[in-house]
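Student: So here's work.csv, just CSV, N, CA and C atoms:
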```csv
chain,number,residue,atom,x,y,z
S,17,MET,N,-9.5,-8.2,-22.7
S,17,MET,CA,-8.7,-7.7,-21.7
S,17,MET,C,-9.2,-8.3,-20.4
S,18,SER,N,-8.2,-8.8,-19.5
S,18,SER,CA,-8.6,-9.4,-18.3
S,18,SER,C,-9.1,-8.4,-17.3
S,19,ARG,N,-9.8,-8.9,-16.3
S,19,ARG,CA,-10.3,-8.0,-15.2
S,19,ARG,C,-9.2,-7.3,-14.5
S,20,GLN,N,-8.1,-8.0,-14.2
S,20,GLN,CA,-6.9,-7.4,-13.5
S,20,GLN,C,-6.3,-6.3,-14.3
S,21,ARG,N,-6.2,-6.5,-15.6
S,21,ARG,CA,-5.6,-5.5,-16.5
S,21,ARG,C,-6.5,-4.3,-16.5
S,22,ILE,N,-7.8,-4.4,-16.6
S,22,ILE,CA,-8.7,-3.3,-16.6
S,22,ILE,C,-8.6,-2.5,-15.3
S,23,LEU,N,-8.5,-3.2,-14.2
S,23,LEU,CA,-8.4,-2.6,-12.9
S,23,LEU,C,-7.1,-1.8,-12.8
S,24,ASN,N,-6.0,-2.3,-13.3
S,24,ASN,CA,-4.7,-1.6,-13.4
S,24,ASN,C,-4.8,-0.3,-14.2
S,25,HIS,N,-5.5,-0.4,-15.3
S,25,HIS,CA,-5.7,0.8,-16.1
S,25,HIS,C,-6.6,1.8,-15.5
S,26,ILE,N,-7.5,1.4,-14.6
S,26,ILE,CA,-8.3,2.3,-13.9
S,26,ILE,C,-7.6,2.9,-12.7
S,27,ALA,N,-6.8,2.1,-12.0
S,27,ALA,CA,-6.1,2.5,-10.8
S,27,ALA,C,-5.0,3.5,-11.1
S,28,PHE,N,-4.4,3.4,-12.2
S,28,PHE,CA,-3.3,4.3,-12.5
S,28,PHE,C,-3.7,5.8,-12.5
S,29,PRO,N,-4.7,6.2,-13.3
S,29,PRO,CA,-5.1,7.6,-13.3
S,29,PRO,C,-5.7,8.0,-11.9
S,30,VAL,N,-6.4,7.1,-11.2
S,30,VAL,CA,-6.9,7.4,-9.9
S,30,VAL,C,-5.8,7.7,-8.9
S,31,LEU,N,-4.7,6.9,-9.0
S,31,LEU,CA,-3.6,7.2,-8.1
S,31,LEU,C,-2.8,8.5,-8.4
S,32,VAL,N,-2.7,8.8,-9.7
S,32,VAL,CA,-2.1,10.0,-10.2
S,32,VAL,C,-2.9,11.2,-9.7
S,33,ALA,N,-4.2,11.1,-9.8
S,33,ALA,CA,-5.1,12.2,-9.3
S,33,ALA,C,-5.0,12.3,-7.8
S,34,ALA,N,-5.0,11.2,-7.1
S,34,ALA,CA,-4.9,11.2,-5.7
S,34,ALA,C,-3.6,11.9,-5.2
S,35,ALA,N,-2.5,11.6,-5.9
S,35,ALA,CA,-1.3,12.3,-5.6
S,35,ALA,C,-1.3,13.8,-5.8
S,36,ALA,N,-1.9,14.2,-7.0
S,36,ALA,CA,-2.0,15.6,-7.3
S,36,ALA,C,-2.9,16.3,-6.3
S,37,LEU,N,-4.0,15.7,-5.8
S,37,LEU,CA,-4.9,16.3,-5.0
S,37,LEU,C,-4.6,16.1,-3.5
S,38,GLY,N,-3.6,15.4,-3.2
S,38,GLY,CA,-3.2,15.1,-1.8
S,38,GLY,C,-4.2,14.3,-1.0
S,39,LEU,N,-4.8,13.3,-1.7
S,39,LEU,CA,-5.7,12.4,-1.1
S,39,LEU,C,-5.0,11.2,-0.5
S,40,TYR,N,-4.5,11.3,0.7
S,40,TYR,CA,-3.7,10.3,1.3
S,40,TYR,C,-4.4,9.0,1.5
S,41,TRP,N,-5.7,9.0,1.7
S,41,TRP,CA,-6.4,7.8,2.1
S,41,TRP,C,-6.4,6.8,0.9
S,42,VAL,N,-6.4,7.3,-0.4
S,42,VAL,CA,-6.4,6.4,-1.5
S,42,VAL,C,-5.1,5.6,-1.5
S,43,TRP,N,-4.0,6.3,-1.2
S,43,TRP,CA,-2.7,5.6,-1.1
S,43,TRP,C,-2.7,4.6,0.1
S,44,GLY,N,-3.3,5.0,1.2
S,44,GLY,CA,-3.4,4.1,2.3
S,44,GLY,C,-4.1,2.9,2.0
S,45,LEU,N,-5.2,3.0,1.2
S,45,LEU,CA,-6.0,1.8,0.8
S,45,LEU,C,-5.1,0.9,-0.1
S,46,LEU,N,-4.3,1.5,-0.9
S,46,LEU,CA,-3.4,0.8,-1.8
S,46,LEU,C,-2.4,0.0,-1.0
S,47,PHE,N,-1.8,0.6,0.0
S,47,PHE,CA,-0.8,-0.1,0.9
S,47,PHE,C,-1.5,-1.3,1.6
S,48,LEU,N,-2.7,-1.1,2.1
S,48,LEU,CA,-3.4,-2.2,2.8
S,48,LEU,C,-3.8,-3.2,1.8
S,49,TRP,N,-4.2,-2.8,0.5
S,49,TRP,CA,-4.5,-3.8,-0.5
S,49,TRP,C,-3.3,-4.7,-0.8
S,50,TRP,N,-2.1,-4.2,-0.8
S,50,TRP,CA,-0.9,-5.0,-1.1
S,50,TRP,C,-0.7,-6.0,0.0
S,51,LEU,N,-1.2,-5.9,1.2
S,51,LEU,CA,-1.0,-6.8,2.3
S,51,LEU,C,-1.6,-8.2,1.9
S,52,VAL,N,-2.8,-8.2,1.4
S,52,VAL,CA,-3.6,-9.4,1.2
S,52,VAL,C,-2.8,-10.4,0.3
S,53,PRO,N,-2.4,-10.0,-1.0
S,53,PRO,CA,-1.7,-11.0,-1.8
S,53,PRO,C,-0.3,-11.4,-1.2
S,54,ALA,N,0.3,-10.4,-0.5
S,54,ALA,CA,1.6,-10.7,0.0
S,54,ALA,C,1.5,-11.8,1.1
S,55,ILE,N,0.6,-11.6,2.0
S,55,ILE,CA,0.4,-12.6,3.1
S,55,ILE,C,-0.1,-13.9,2.5
S,56,ARG,N,-1.0,-13.9,1.6
S,56,ARG,CA,-1.5,-15.2,1.0
S,56,ARG,C,-0.4,-15.9,0.2
S,57,SER,N,0.4,-15.2,-0.5
S,57,SER,CA,1.4,-15.9,-1.4
S,57,SER,C,2.7,-16.1,-0.7
S,58,GLY,N,3.0,-15.4,0.4
S,58,GLY,CA,4.3,-15.5,1.1
S,58,GLY,C,5.4,-14.8,0.3
S,59,GLN,N,5.0,-13.9,-0.6
S,59,GLN,CA,6.0,-13.1,-1.4
S,59,GLN,C,5.6,-11.7,-1.4
S,60,ALA,N,6.5,-10.8,-1.1
S,60,ALA,CA,6.3,-9.4,-1.1
S,60,ALA,C,7.3,-8.8,-2.1
S,61,HIS,N,7.0,-7.7,-2.7
S,61,HIS,CA,7.9,-7.1,-3.7
S,61,HIS,C,8.3,-5.8,-3.1
S,62,PHE,N,9.6,-5.7,-2.7
S,62,PHE,CA,10.2,-4.5,-2.1
S,62,PHE,C,11.0,-3.9,-3.2
S,63,VAL,N,12.3,-4.0,-3.1
S,63,VAL,CA,13.2,-3.6,-4.2
S,63,VAL,C,13.2,-4.8,-5.2
S,64,PHE,N,13.4,-5.9,-4.6
S,64,PHE,CA,13.3,-7.2,-5.3
S,64,PHE,C,12.3,-8.0,-4.6
S,65,GLU,N,12.0,-9.2,-5.1
S,65,GLU,CA,11.1,-10.1,-4.4
S,65,GLU,C,11.6,-10.6,-3.1
S,66,VAL,N,10.8,-10.6,-2.0
S,66,VAL,CA,11.2,-11.1,-0.7
S,66,VAL,C,10.3,-12.3,-0.4
S,67,ASP,N,10.9,-13.5,-0.2
S,67,ASP,CA,10.1,-14.7,0.0
S,67,ASP,C,10.0,-15.0,1.5
S,68,ARG,N,8.8,-15.2,2.0
S,68,ARG,CA,8.6,-15.5,3.4
S,68,ARG,C,9.4,-16.7,3.9
S,69,GLY,N,9.6,-17.7,3.1
S,69,GLY,CA,10.3,-18.9,3.5
S,69,GLY,C,11.9,-18.7,3.6
S,70,GLU,N,12.4,-17.8,2.7
S,70,GLU,CA,13.8,-17.6,2.7
S,70,GLU,C,14.3,-16.5,3.6
S,71,ASP,N,13.4,-15.5,3.8
S,71,ASP,CA,13.8,-14.3,4.6
S,71,ASP,C,12.6,-13.8,5.4
S,72,PRO,N,12.2,-14.6,6.4
S,72,PRO,CA,10.9,-14.3,7.1
S,72,PRO,C,11.0,-12.9,7.8
S,73,VAL,N,12.1,-12.6,8.4
S,73,VAL,CA,12.2,-11.3,9.1
S,73,VAL,C,12.0,-10.1,8.2
S,74,LEU,N,12.6,-10.1,7.0
S,74,LEU,CA,12.5,-9.0,6.1
S,74,LEU,C,11.1,-9.0,5.5
S,75,PHE,N,10.5,-10.2,5.2
S,75,PHE,CA,9.2,-10.3,4.7
S,75,PHE,C,8.2,-9.6,5.6
S,76,TRP,N,8.2,-10.0,6.9
S,76,TRP,CA,7.2,-9.5,7.8
S,76,TRP,C,7.5,-8.0,8.1
S,77,ALA,N,8.8,-7.6,8.0
S,77,ALA,CA,9.1,-6.2,8.2
S,77,ALA,C,8.5,-5.3,7.0
S,78,VAL,N,8.5,-5.9,5.8
S,78,VAL,CA,7.9,-5.2,4.7
S,78,VAL,C,6.4,-5.1,4.8
S,79,VAL,N,5.8,-6.3,5.2
S,79,VAL,CA,4.4,-6.3,5.4
S,79,VAL,C,3.9,-5.4,6.5
S,80,ALA,N,4.7,-5.3,7.6
S,80,ALA,CA,4.4,-4.4,8.7
S,80,ALA,C,4.5,-2.9,8.2
S,81,LEU,N,5.5,-2.7,7.5
S,81,LEU,CA,5.7,-1.3,6.9
S,81,LEU,C,4.5,-0.9,6.1
S,82,TRP,N,4.1,-1.8,5.2
S,82,TRP,CA,2.9,-1.4,4.4
S,82,TRP,C,1.7,-1.2,5.2
S,83,ALA,N,1.5,-2.0,6.3
S,83,ALA,CA,0.3,-1.8,7.2
S,83,ALA,C,0.4,-0.5,7.9
S,84,VAL,N,1.6,-0.2,8.4
S,84,VAL,CA,1.7,1.1,9.1
S,84,VAL,C,1.5,2.3,8.1
S,85,PHE,N,2.2,2.2,7.0
S,85,PHE,CA,2.0,3.3,6.0
S,85,PHE,C,0.5,3.4,5.6
S,86,GLY,N,-0.2,2.3,5.4
S,86,GLY,CA,-1.6,2.4,5.0
S,86,GLY,C,-2.4,3.0,6.1
S,87,ALA,N,-2.2,2.6,7.3
S,87,ALA,CA,-2.9,3.2,8.5
S,87,ALA,C,-2.6,4.7,8.6
S,88,MET,N,-1.4,5.0,8.5
S,88,MET,CA,-1.0,6.4,8.6
S,88,MET,C,-1.6,7.3,7.5
S,89,MET,N,-1.7,6.8,6.3
S,89,MET,CA,-2.2,7.6,5.2
S,89,MET,C,-3.7,7.8,5.4
S,90,ILE,N,-4.4,6.8,5.9
S,90,ILE,CA,-5.9,6.9,6.1
S,90,ILE,C,-6.1,7.8,7.3
S,91,ALA,N,-5.3,7.6,8.4
S,91,ALA,CA,-5.5,8.5,9.6
S,91,ALA,C,-5.2,9.9,9.2
S,92,ALA,N,-4.3,10.2,8.4
S,92,ALA,CA,-4.0,11.6,8.0
S,92,ALA,C,-5.1,12.2,7.3
S,93,SER,N,-5.9,11.4,6.5
S,93,SER,CA,-7.1,12.0,5.9
S,93,SER,C,-8.3,12.1,6.8
S,94,LEU,N,-8.4,11.2,7.7
S,94,LEU,CA,-9.5,11.2,8.7
S,94,LEU,C,-9.3,12.3,9.8
S,95,PHE,N,-8.1,12.5,10.1
S,95,PHE,CA,-7.7,13.5,11.2
S,95,PHE,C,-6.7,14.5,10.7
S,96,PRO,N,-7.1,15.4,9.8
S,96,PRO,CA,-6.2,16.3,9.2
S,96,PRO,C,-5.4,17.2,10.2
S,97,GLN,N,-6.0,17.5,11.4
S,97,GLN,CA,-5.3,18.3,12.3
S,97,GLN,C,-4.1,17.6,12.9
S,98,TYR,N,-3.9,16.3,12.7
S,98,TYR,CA,-2.8,15.6,13.1
S,98,TYR,C,-1.9,15.1,12.0
S,99,ALA,N,-2.3,15.5,10.8
S,99,ALA,CA,-1.6,15.0,9.6
S,99,ALA,C,-0.1,15.3,9.6
S,100,SER,N,0.3,16.4,10.1
S,100,SER,CA,1.8,16.7,10.1
S,100,SER,C,2.5,15.7,11.0
S,101,TRP,N,1.9,15.2,12.0
S,101,TRP,CA,2.5,14.2,12.9
S,101,TRP,C,2.5,12.8,12.2
S,102,LEU,N,1.5,12.5,11.3
S,102,LEU,CA,1.3,11.2,10.8
S,102,LEU,C,2.1,11.0,9.5
S,103,VAL,N,2.3,12.0,8.7
S,103,VAL,CA,2.9,11.9,7.4
S,103,VAL,C,4.1,12.7,7.3
```
Rewrite the structure from the file as structure tokens, please.
Tutor:
Amino acid sequence: MSRQRILNHIAFPVLVAAAALGLYWVWGLLFLWWLVPAIRSGQAHFVFEVDRGEDPVLFWAVVALWAVFGAMMIAASLFPQYASWLV
């Protein structure tokens, strides 16, 4: 079994538990994690694949959305008194 496949099998129950426990920061890290391969490859997966060369505005909008969602989720966990404003 490849390293990526093992990490996927570990990440799935962790994300399910994070959702059940309301741990927003785990989801925030996931959103930020998605930025790295998207920017490096020039392809993001939204509803369908978005290619930076074919549709740069939508590509960067999706990447920005992931960055904002990731920051909001982490901020909601770090500053719970403002969580209703962030999430």
Student: If I take atom C of S:Val63 and atom C of S:Ala92, how far is one from the other in Å, to one decimal?
Tutor: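 These atoms are spaced 27.9 Å apart.
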Student: State, in Å with one decimal place, the distance from atom CA of S:Val42 to atom CA of S:Arg21.
Tutor: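 Computing it gives 19.2 Å between the two atoms.
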Student: Ranking S:Leu37, S:Leu94, S:Asp67, S:Ala60 by minimum distance to S:Ala80 and counting only C-alpha atoms, which one comes first?
Tutor: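 Of the candidates, the smallest distance to S:Ala80 is held by S:Ala60.
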Student: Please compute the atom CA of S:Val73-atom N of S:Ala54 distance, one decimal, in Å.
Tutor: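 Atom N of S:Ala54 lies 15.3 Å from atom CA of S:Val73.
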Student: Please identify which residues in chain S DSSP calls strand (DSSP E or B) from the backbone, and express them as a list in words.
Tutor: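 After running DSSP on the backbone, chain S has strand (DSSP E or B) at Gln59, Ala60, His61, Glu65, Val66 and Asp67 of chain S.
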Student: May I have all residues of chain S that DSSP, computed from the backbone, assigns to alpha helix (DSSP H), given as a PyMOL selection string?
Tutor: chain S and resi 19-37+40-57+72-94+99-102
Student: At a cut-off of 10 Å, using only C-alpha atoms, what residues contact S:Phe62? Leave out same-chain residues fewer than 2 positions from it and give the result as a list in words.
Tutor: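 Listed by chain and then number, they are Gln59, Ala60, Phe64, Glu65, Val66, Leu74, Phe75, Val78 and Val79 of chain S.
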Student: Using only C-alpha atoms for the distances, tell me which of S:His61, S:Ala87, S:Ser18, S:Ala35 is nearest to S:Phe47.
Tutor: S:Ala87
Student: Excluding stretch 88-91 of chain S and residues on its chain fewer than 6 positions from it, collect all residues at most 5 Å away from it, counting all atoms listed in the file, and give them as a compact mmCIF listing (two decimals) with N, CA and C atoms, keeping the file's coordinate frame.
Tutor:
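As a result, result-v1.txt now contains:
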```txt
# COMPACT_ATOMS: atom_id res chain seq x y z
N TYR S 40 -4.50 11.30 0.70
CA TYR S 40 -3.70 10.30 1.30
C TYR S 40 -4.40 9.00 1.50
N TRP S 41 -5.70 9.00 1.70
CA TRP S 41 -6.40 7.80 2.10
C TRP S 41 -6.40 6.80 0.90
N GLY S 44 -3.30 5.00 1.20
CA GLY S 44 -3.40 4.10 2.30
C GLY S 44 -4.10 2.90 2.00
```
Student: Do a neighbour search on S:Trp43 at 7 Å with all atoms listed in the file, toss out local chain neighbours closer than 5 positions, and write the hits as a ChimeraX atom specification.
Tutor: /S:31,34,48,85-86,89-90
